[in-house]
Amino acid sequence: MSHDTHGHHESNLKRIWTVFGILSVITIVEVIFGIVKPDALFLNSLFRLNLLNWLFIILTVVKAYYIMWAFMHIEGEKSSLKWSIVAPLVFLIIYLVFILLIEGNYIFDVFHESQYKWIF
Amino acid sequence: MAATVTSTATTGKTWDGGNEPMGASYGKLMMWFFIMSDALTFSGFLAAYGFSRFKFIGTWPIADEVFTHFPFMHGVEAPMYYVALMTFILIFSSVTMVLAVDAGHHLKKTKVAVYMALTIVGGFIFVGSQAWEWKNFIGGEFGAVETKGGAILQFVNKEGERVAVADFAAHLPTSRVDKTRANGIWFEDAPALPEFTVQEVAEGLKANPDVLIRTEHINAKKQKIVLSREESLEAIKGGALYVKGANLEHNEYGHKLFADFFFFITGFHGFHVFSGVIINIIIFLNVIYGTYEKRKSYEMVEKVGLYWHFVDLVWVFVFTFFYLV
C-alpha cells in the first residue's frame, strides 16, 4: 500500500480538483498562444528554437510535473522510489534529445550549404 | 566475518517474502518500472521525430494548416480546437481515474465503479476522436502534386487560401481504365489510376489565372512560400504524381516523414489508450464483482490508474510536439 507521509488516506479531493484546474488553464493558455502566435515570440528564437516553442515546452513540462506528482501520486512515495523513476527519465531524455537535435541541425546545415540542391 | 554473519541474517528476512522494497508493493513497483521503460520508448520516438524535423526544418509542414477540422463544421478552418478538446477529454478521464483511486482508499465500492465507468467512457471518446482525426488526415481535403524530387506543390488562390485540385483540374480524355483480375487471365495487379493525372492538373493551372502554387519552403516570416504565376507554371512541369490525403508513401501535406511519424507515434499512443481502456474494463468488472471489496484493498485500481495517467502524460507531449510546436 502507498505510504502516505501525511496521515492515513485522508481524501485528496481538493488537491485533485486544483490540479485539474491548473492543467486546464495551462492547456487553454497553450491553445490561445498556438492560435494567436504573437510575432514577438514566434519570430524570435533562442538556440534555434523560437520563443513560442520554448514557452510550449516549458508549459508541457509543468503539466507533466503535475500529472506525475499529483495524479500518479509520486509525491507520496518514498524518495528512493521517486528518484529511481524520475532521475533516469530526466537524464536520459535530456541526453537523447540533446544529441539527436544537434545532429539533425547539423545535417540540415550540411544539406543547406552543400553544392547539391533539392530544387526539383 | 562479522559482515558475513549479518548479511546471512538479513538475507533470510529479505527473501522470506512480504518484503516491500522502496515502500511499494511488488505490483506497483513493477508498474512503475514498466512505465519508466515505456516512457523511454516514447521519448525515443519523439526524439527521432525531432531529429527528422530539425533535419528538414526548412520544409516541414505547419501543423495549423494540416489539422483544421472540427466535427459538424465542414469547410471552417478550425486549427487546434479539436485536439485541444481531445486533450481535455483525456485529462478529465485522468481526473475521474484519480477520483476512483481516492474512493478506493475509503473502500467505497459504488463510487469506485462509477468513476471507473466514467474513465472508460472518456477513453472510448478519445480513441474515437483519434480515429476521426486519422480519417481526415488519410482522406485529405485539397490534394496536391508531388514532384520528381519528392517535394509537395499545393495550390492557393490570390488571397493565399487553399484551393482543391478537383475545383480547377481539367478533364483530359484518356483511354486508360482501371483493370481488375476479372479482366484477364494473365493480369495480376496494377496500381489504381489516380483521380487526376499531373497533365490534367497542369492544364487546369494554365486555364485558371487565379491559381498559384505554394511550395514546401518556409520564408523568414515562417510562412510557406507562394510562387508567382510564371514560377507556378514552371514548377508544375516537375510534377510527377497527384496526391490526395496521406499514406505511408505519399501525403499532400508536405514531407513524407511527417505523415510517417504522425501515423507511427499517434498510432502507438492510440494503441496504448485502447489497451488502457481494455484493462480498465477488466478492473471495472472486478470492482463490480466485489473482488477488491473482499480483498479489502483497491490497490489494483491504483495500478491501472498509474498506467492510465501515463497514457495521459504521453498525450501531453504528443499534443505539444505534433500540434503546438
# chains A, B, ... in the order shown; residues from 1 in each chain; ligands from 1
call {"tool": "residues_around", "arguments": {"residues": "region 27-35 of chain A", "least_positions_apart": "2", "cutoff": "9 Å", "atoms": "only C-alpha atoms", "output": "NGL selection string"}}
result
(:A and (22-25 or 37-38 or 52 or 55-56 or 59-60 or 63)) or (:B and (64 or 79-81 or 84 or 87-88 or 320 or 323-325))
call {"tool": "residues_around", "arguments": {"residues": "region 286-293 of chain B", "least_positions_apart": "6", "cutoff": "12 Å", "atoms": "only C-alpha atoms", "output": "ChimeraX atom specification"}}
result
/B:100-101,103-117,279-280,299-302
call {"tool": "select_by_dssp", "arguments": {"residues": "region 5-100 of chain A", "states": "strand (DSSP E)", "output": "list in words"}}
result
Ser45, Leu46, Leu49 and Asn50 of chain A
call {"tool": "write_last_selection", "arguments": {"atoms": "C-alpha atoms", "output": "short mmCIF file (atom, residue, chain, number, x, y, z; two decimals), in the first residue's frame"}}
result
data_model
loop_
_atom_site.label_atom_id
_atom_site.label_comp_id
_atom_site.auth_asym_id
_atom_site.auth_seq_id
_atom_site.Cartn_x
_atom_site.Cartn_y
_atom_site.Cartn_z
CA SER A 45 14.49 32.45 -31.39
CA LEU A 46 16.86 31.21 -28.75
CA LEU A 49 14.09 27.31 -31.33
CA ASN A 50 11.61 30.17 -31.30
#
call {"tool": "interface_residues", "arguments": {"of": "chain A", "to": "chain B", "cutoff": "6 Å", "atoms": "only C-alpha atoms", "output": "short mmCIF file (atom, residue, chain, number, x, y, z; two decimals) with C-alpha atoms, in the first residue's frame"}}
result
data_model
loop_
_atom_site.label_atom_id
_atom_site.label_comp_id
_atom_site.auth_asym_id
_atom_site.auth_seq_id
_atom_site.Cartn_x
_atom_site.Cartn_y
_atom_site.Cartn_z
CA GLY A 34 -0.96 28.45 -30.58
CA ASN A 53 8.14 26.85 -28.75
CA MET A 72 0.33 9.39 -10.22
CA LEU A 81 11.26 5.14 -5.43
CA VAL A 97 17.03 14.85 -27.23
CA LEU A 100 19.63 13.99 -31.73
CA LEU A 101 18.57 17.59 -32.21
CA GLY A 104 19.54 16.91 -37.01
CA ASN A 105 20.51 20.55 -37.06
CA ILE A 107 22.56 17.56 -41.18
CA PHE A 108 20.24 20.42 -42.12
CA PHE A 120 13.36 19.71 -58.28
#
call {"tool": "closest_residue", "arguments": {"among": "A:Leu51, A:Ala64, A:Ile85, A:Leu13", "to": "Ile26 (chain A)", "atoms": "only C-alpha atoms"}}
result
A:Ala64
call {"tool": "decode", "arguments": {"residues": "region 40-70 of chain A", "atoms": "N, CA and C atoms", "output": "compact mmCIF listing (two decimals), in the first residue's frame"}}
result
# COMPACT_ATOMS: atom_id res chain seq x y z
N ALA A 40 6.16 38.62 -31.61
CA ALA A 40 7.28 38.87 -30.70
C ALA A 40 7.90 37.56 -30.22
N LEU A 41 7.05 36.56 -29.99
CA LEU A 41 7.57 35.27 -29.55
C LEU A 41 7.92 34.37 -30.73
N PHE A 42 7.03 34.41 -31.75
CA PHE A 42 7.12 33.44 -32.84
C PHE A 42 8.33 33.70 -33.72
N LEU A 43 8.69 34.96 -33.90
CA LEU A 43 9.76 35.27 -34.86
C LEU A 43 11.12 35.50 -34.20
N ASN A 44 11.18 35.35 -32.87
CA ASN A 44 12.47 35.48 -32.21
C ASN A 44 12.88 34.12 -31.66
N SER A 45 14.13 33.78 -31.87
CA SER A 45 14.49 32.45 -31.39
C SER A 45 15.70 32.46 -30.48
N LEU A 46 15.77 31.40 -29.69
CA LEU A 46 16.86 31.21 -28.75
C LEU A 46 17.35 29.79 -29.00
N PHE A 47 18.63 29.62 -29.26
CA PHE A 47 19.20 28.30 -29.59
C PHE A 47 18.41 27.61 -30.71
N ARG A 48 18.15 28.32 -31.78
CA ARG A 48 17.50 27.74 -32.96
C ARG A 48 16.07 27.26 -32.71
N LEU A 49 15.47 27.71 -31.62
CA LEU A 49 14.09 27.31 -31.33
C LEU A 49 13.39 28.60 -30.96
N ASN A 50 12.21 28.88 -31.59
CA ASN A 50 11.61 30.17 -31.30
C ASN A 50 11.02 30.23 -29.90
N LEU A 51 10.86 31.45 -29.40
CA LEU A 51 10.48 31.65 -28.00
C LEU A 51 9.13 31.02 -27.69
N LEU A 52 8.23 31.05 -28.71
CA LEU A 52 6.91 30.44 -28.51
C LEU A 52 7.05 28.95 -28.22
N ASN A 53 7.93 28.28 -28.97
CA ASN A 53 8.14 26.85 -28.75
C ASN A 53 8.76 26.58 -27.38
N TRP A 54 9.67 27.46 -26.97
CA TRP A 54 10.23 27.33 -25.61
C TRP A 54 9.11 27.41 -24.59
N LEU A 55 8.20 28.37 -24.79
CA LEU A 55 7.08 28.52 -23.86
C LEU A 55 6.25 27.25 -23.80
N PHE A 56 5.92 26.70 -25.01
CA PHE A 56 5.12 25.48 -25.06
C PHE A 56 5.82 24.33 -24.33
N ILE A 57 7.13 24.22 -24.55
CA ILE A 57 7.85 23.09 -23.95
C ILE A 57 7.89 23.23 -22.44
N ILE A 58 8.11 24.45 -21.96
CA ILE A 58 8.14 24.67 -20.50
C ILE A 58 6.77 24.35 -19.90
N LEU A 59 5.70 24.85 -20.55
CA LEU A 59 4.35 24.57 -20.03
C LEU A 59 4.06 23.07 -20.04
N THR A 60 4.55 22.38 -21.06
CA THR A 60 4.34 20.93 -21.13
C THR A 60 5.03 20.21 -19.99
N VAL A 61 6.25 20.65 -19.68
CA VAL A 61 6.98 20.02 -18.58
C VAL A 61 6.26 20.30 -17.26
N VAL A 62 5.70 21.51 -17.12
CA VAL A 62 4.93 21.82 -15.91
C VAL A 62 3.73 20.88 -15.80
N LYS A 63 3.03 20.67 -16.95
CA LYS A 63 1.88 19.75 -16.94
C LYS A 63 2.33 18.34 -16.56
N ALA A 64 3.46 17.92 -17.14
CA ALA A 64 3.96 16.57 -16.85
C ALA A 64 4.28 16.44 -15.36
N TYR A 65 4.85 17.51 -14.80
CA TYR A 65 5.16 17.51 -13.37
C TYR A 65 3.88 17.29 -12.56
N TYR A 66 2.83 18.03 -12.87
CA TYR A 66 1.59 17.90 -12.09
C TYR A 66 0.96 16.53 -12.26
N ILE A 67 0.99 15.99 -13.48
CA ILE A 67 0.40 14.66 -13.69
C ILE A 67 1.16 13.62 -12.88
N MET A 68 2.50 13.68 -12.93
CA MET A 68 3.28 12.67 -12.21
C MET A 68 3.19 12.87 -10.71
N TRP A 69 3.33 14.09 -10.25
CA TRP A 69 3.38 14.32 -8.82
C TRP A 69 2.01 14.15 -8.16
N ALA A 70 0.96 14.72 -8.78
CA ALA A 70 -0.35 14.68 -8.11
C ALA A 70 -1.17 13.46 -8.53
